[in-house]
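Each remark here refers to the structure printed beneath this line.
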Amino acid sequence: MANDDKPPKFYSPKTSPFLNSVREAIRVRHLARSTEQSYLYYITDYIRFHGRKHPRELGLEEVRAYLTDLAVNQNVSASTQNVALSALLFLYKTVLENPLLENIEAIRAKRTKYLPTVLTREEVQAILAHTDGVHHLILSLLYGTGMRLMEGLRLRVKDIDFARGEITVREAKGNRERKTMLPAKLVDGLHRQLEYAKALHDLDLAEGYGEVEMPNALAHKYPSAATSWAWQYVFPAAQRSRDPRTGRIGRHHILEDGVQRAMKKAMRAATIYKHASVHTLRHSFATHLLELGYDIRTVQELLGHKDVKTTMVYTHVLNRCARGVRRPLDS
């Protein structure tokens with residue numbers, strides 16, 4: 001794989017008893033679908049790399065050799081190598097119950113240090129001006145709350161508190177819940193979106209459907225919750241689909257691909273050529289809050305960062321232009 005290559009999005013290894021046991025171990029622990037896809041990909045790739053030997057016949061040296069090959073010959077990024085390492089640690093500790101106790105001293109991929117791209121407030125407004133419909137609402141919500149794309153798409157009806165003007169972010173990175181602000185400008189748009197979602201849900205119920213995917217084991221604990229209005233997605237998909245894990249037909253949320261395409265299209269229309277994506281709206285939210293004078297701890301809490309050091313990167317973004325320094329060419 002080349003730099004920053006990711007496993008195929010809908011990658012699914014051929015069925016085998018062993019891979020099925022890996023998949024079962026992942027699902028029992030309620031790991032994200034994206035984690036399941038990545039772990040299965042790298043575990044399968046690891047097995048192929050060692051001539052399709054069973055992992056029980058392989059050990060620490062083979063893991064080191066595989067991770068080194070990823071860095072040296074396949075030139076993957078540090079984050080990609082770390083995902084592969086996490087997959088193999090999970091394999092040996094959880095599936096095979098034979099954890100790798102020693103340090104894995106493989107050649108590590110070089111970690112590139114960079115400052116996140118940030119859009120100006122004018123650029124954000126220009127991008128939003130070139131979007132419409134549900135994509136306009138979603139992108140506005142992501143910028144106005146600092147949520148990640150999947151956090152916004154997984155938003156449930158019960159997580160919006162209009163009276164308190166706040167949103168509860170669940171199923172976040174690291175399984176940490178947090179609260180963030182509900183921008184007043186989006187209240188009317190969200191009410192209209194909820195009316196649309198309620199009409200879809202009522203139609204689903206009338207036709208014998210209406211179940212939504214439930215987090216963790218709540219579907220077993222509260223069997224009726226899956227069809228309740230409170231648990232439905234704020235941004236439901238236009239069509240019903242079959243859940244690949246349970247086989248049940250229900251209504252998933254809007255897929256992230258459409259939102260990402262809308263963002264790219266709007267950037268082209270606004271003639272903005274920065275290396276930006278939907279996630280850039282989150283970076284911009286944090287940086288603009290600091291520009292407005294909010295303290296770093298407040299921003300950390302709104303973003304849901306575990307360590308304030310992660311949030312500190314935005315203070316470096318503010319200083320990267322050295323605004324207080326007289327530029328020699330302008331002197």
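The chains in the structure tokens are called A, B, ... from first to last as shown; in each chain the residues are counted from 1, and the ligands are counted from 1 in the order shown.
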
Write out as a short mmCIF file (atom, residue, chain, number, x, y, z; two decimals) with C-alpha atoms, in the first residue's frame each polymer residue whose atoms come within 9 Å of His283 (chain A), counting only C-alpha atoms; drop sequence neighbours fewer than 3 positions from it.
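After the write, around-v9.cif holds the following:
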data_model
loop_
_atom_site.label_atom_id
_atom_site.label_comp_id
_atom_site.auth_asym_id
_atom_site.auth_seq_id
_atom_site.Cartn_x
_atom_site.Cartn_y
_atom_site.Cartn_z
CA PRO A 116 -3.98 21.08 10.70
CA THR A 117 -5.41 23.08 7.82
CA VAL A 118 -7.81 25.77 9.03
CA LEU A 119 -10.34 27.72 7.01
CA TYR A 143 -18.70 23.61 11.98
CA GLY A 146 -16.98 20.86 16.39
CA HIS A 279 -12.80 17.31 9.19
CA THR A 280 -11.25 20.72 8.51
CA ALA A 286 -11.53 25.05 17.52
CA THR A 287 -9.23 27.72 16.08
CA HIS A 288 -12.01 30.28 15.74
CA TYR A 314 -4.59 24.89 17.70
#

Exercise for the section: Please identify all polymer residues within 12 Å of Asp161 (chain A), counting only C-alpha atoms, omitting same-chain residues fewer than 6 positions from it, and present them as JSON, numbers by chain. Expected result: {"A": [155, 167, 168, 169, 179, 180, 181, 182, 183, 184, 187, 190, 191, 230]}

Practice task
For each of A:Leu60, A:Met150, A:Ala226, A:Ile127, take the minimum atom-to-atom distance to Met214 (chain A), counting only C-alpha atoms, then give the residue where this is smallest.
Solution key: A:Ala226

Problem - Nearest candidate to Arg268 (chain A) (options A:Arg33, A:Arg245, A:Arg297, A:His130; using only C-alpha atoms) - result: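 Of A:Arg33, A:Arg245, A:Arg297, A:His130, the one nearest Arg268 (chain A), counting only C-alpha atoms, is A:His130.
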
Please report, as a tab-separated table, each residue of region 93-195 of chain A lying at most 12 Å from region 25-29 of chain A, together with the nearest pair of atoms and the separation in Å rounded to one decimal; use only C-alpha atoms, and order rows by chain and ascending residue number.
residue	atom	partner	partner_atom	distance
A:Lys93	CA	A:Ala25	CA	11.0
A:Thr94	CA	A:Ala25	CA	7.4
A:Val95	CA	A:Ala25	CA	6.6
A:Leu96	CA	A:Ala25	CA	10.4
A:Glu97	CA	A:Ala25	CA	11.4

Residues as selected, N, CA, C and O atoms, written as a PDB file, in the first residue's frame, can you do that?
ATOM      1  N   LYS A  93      -3.954 -11.368  21.717  1.00  0.00           N
ATOM      2  CA  LYS A  93      -4.435 -11.263  23.099  1.00  0.00           C
ATOM      3  C   LYS A  93      -5.863 -11.768  23.255  1.00  0.00           C
ATOM      4  O   LYS A  93      -6.164 -12.544  24.182  1.00  0.00           O
ATOM      5  N   THR A  94      -6.746 -11.374  22.352  1.00  0.00           N
ATOM      6  CA  THR A  94      -8.171 -11.646  22.529  1.00  0.00           C
ATOM      7  C   THR A  94      -8.630 -12.918  21.841  1.00  0.00           C
ATOM      8  O   THR A  94      -9.378 -13.702  22.419  1.00  0.00           O
ATOM      9  N   VAL A  95      -8.189 -13.117  20.607  1.00  0.00           N
ATOM     10  CA  VAL A  95      -8.667 -14.262  19.832  1.00  0.00           C
ATOM     11  C   VAL A  95      -7.877 -15.526  20.178  1.00  0.00           C
ATOM     12  O   VAL A  95      -8.448 -16.571  20.473  1.00  0.00           O
ATOM     13  N   LEU A  96      -6.549 -15.414  20.154  1.00  0.00           N
ATOM     14  CA  LEU A  96      -5.700 -16.584  20.403  1.00  0.00           C
ATOM     15  C   LEU A  96      -5.363 -16.768  21.880  1.00  0.00           C
ATOM     16  O   LEU A  96      -4.811 -17.797  22.266  1.00  0.00           O
ATOM     17  N   GLU A  97      -5.678 -15.741  22.687  1.00  0.00           N
ATOM     18  CA  GLU A  97      -5.392 -15.770  24.128  1.00  0.00           C
ATOM     19  C   GLU A  97      -3.926 -16.091  24.397  1.00  0.00           C
ATOM     20  O   GLU A  97      -3.574 -16.860  25.292  1.00  0.00           O
TER      21      GLU A  97
END
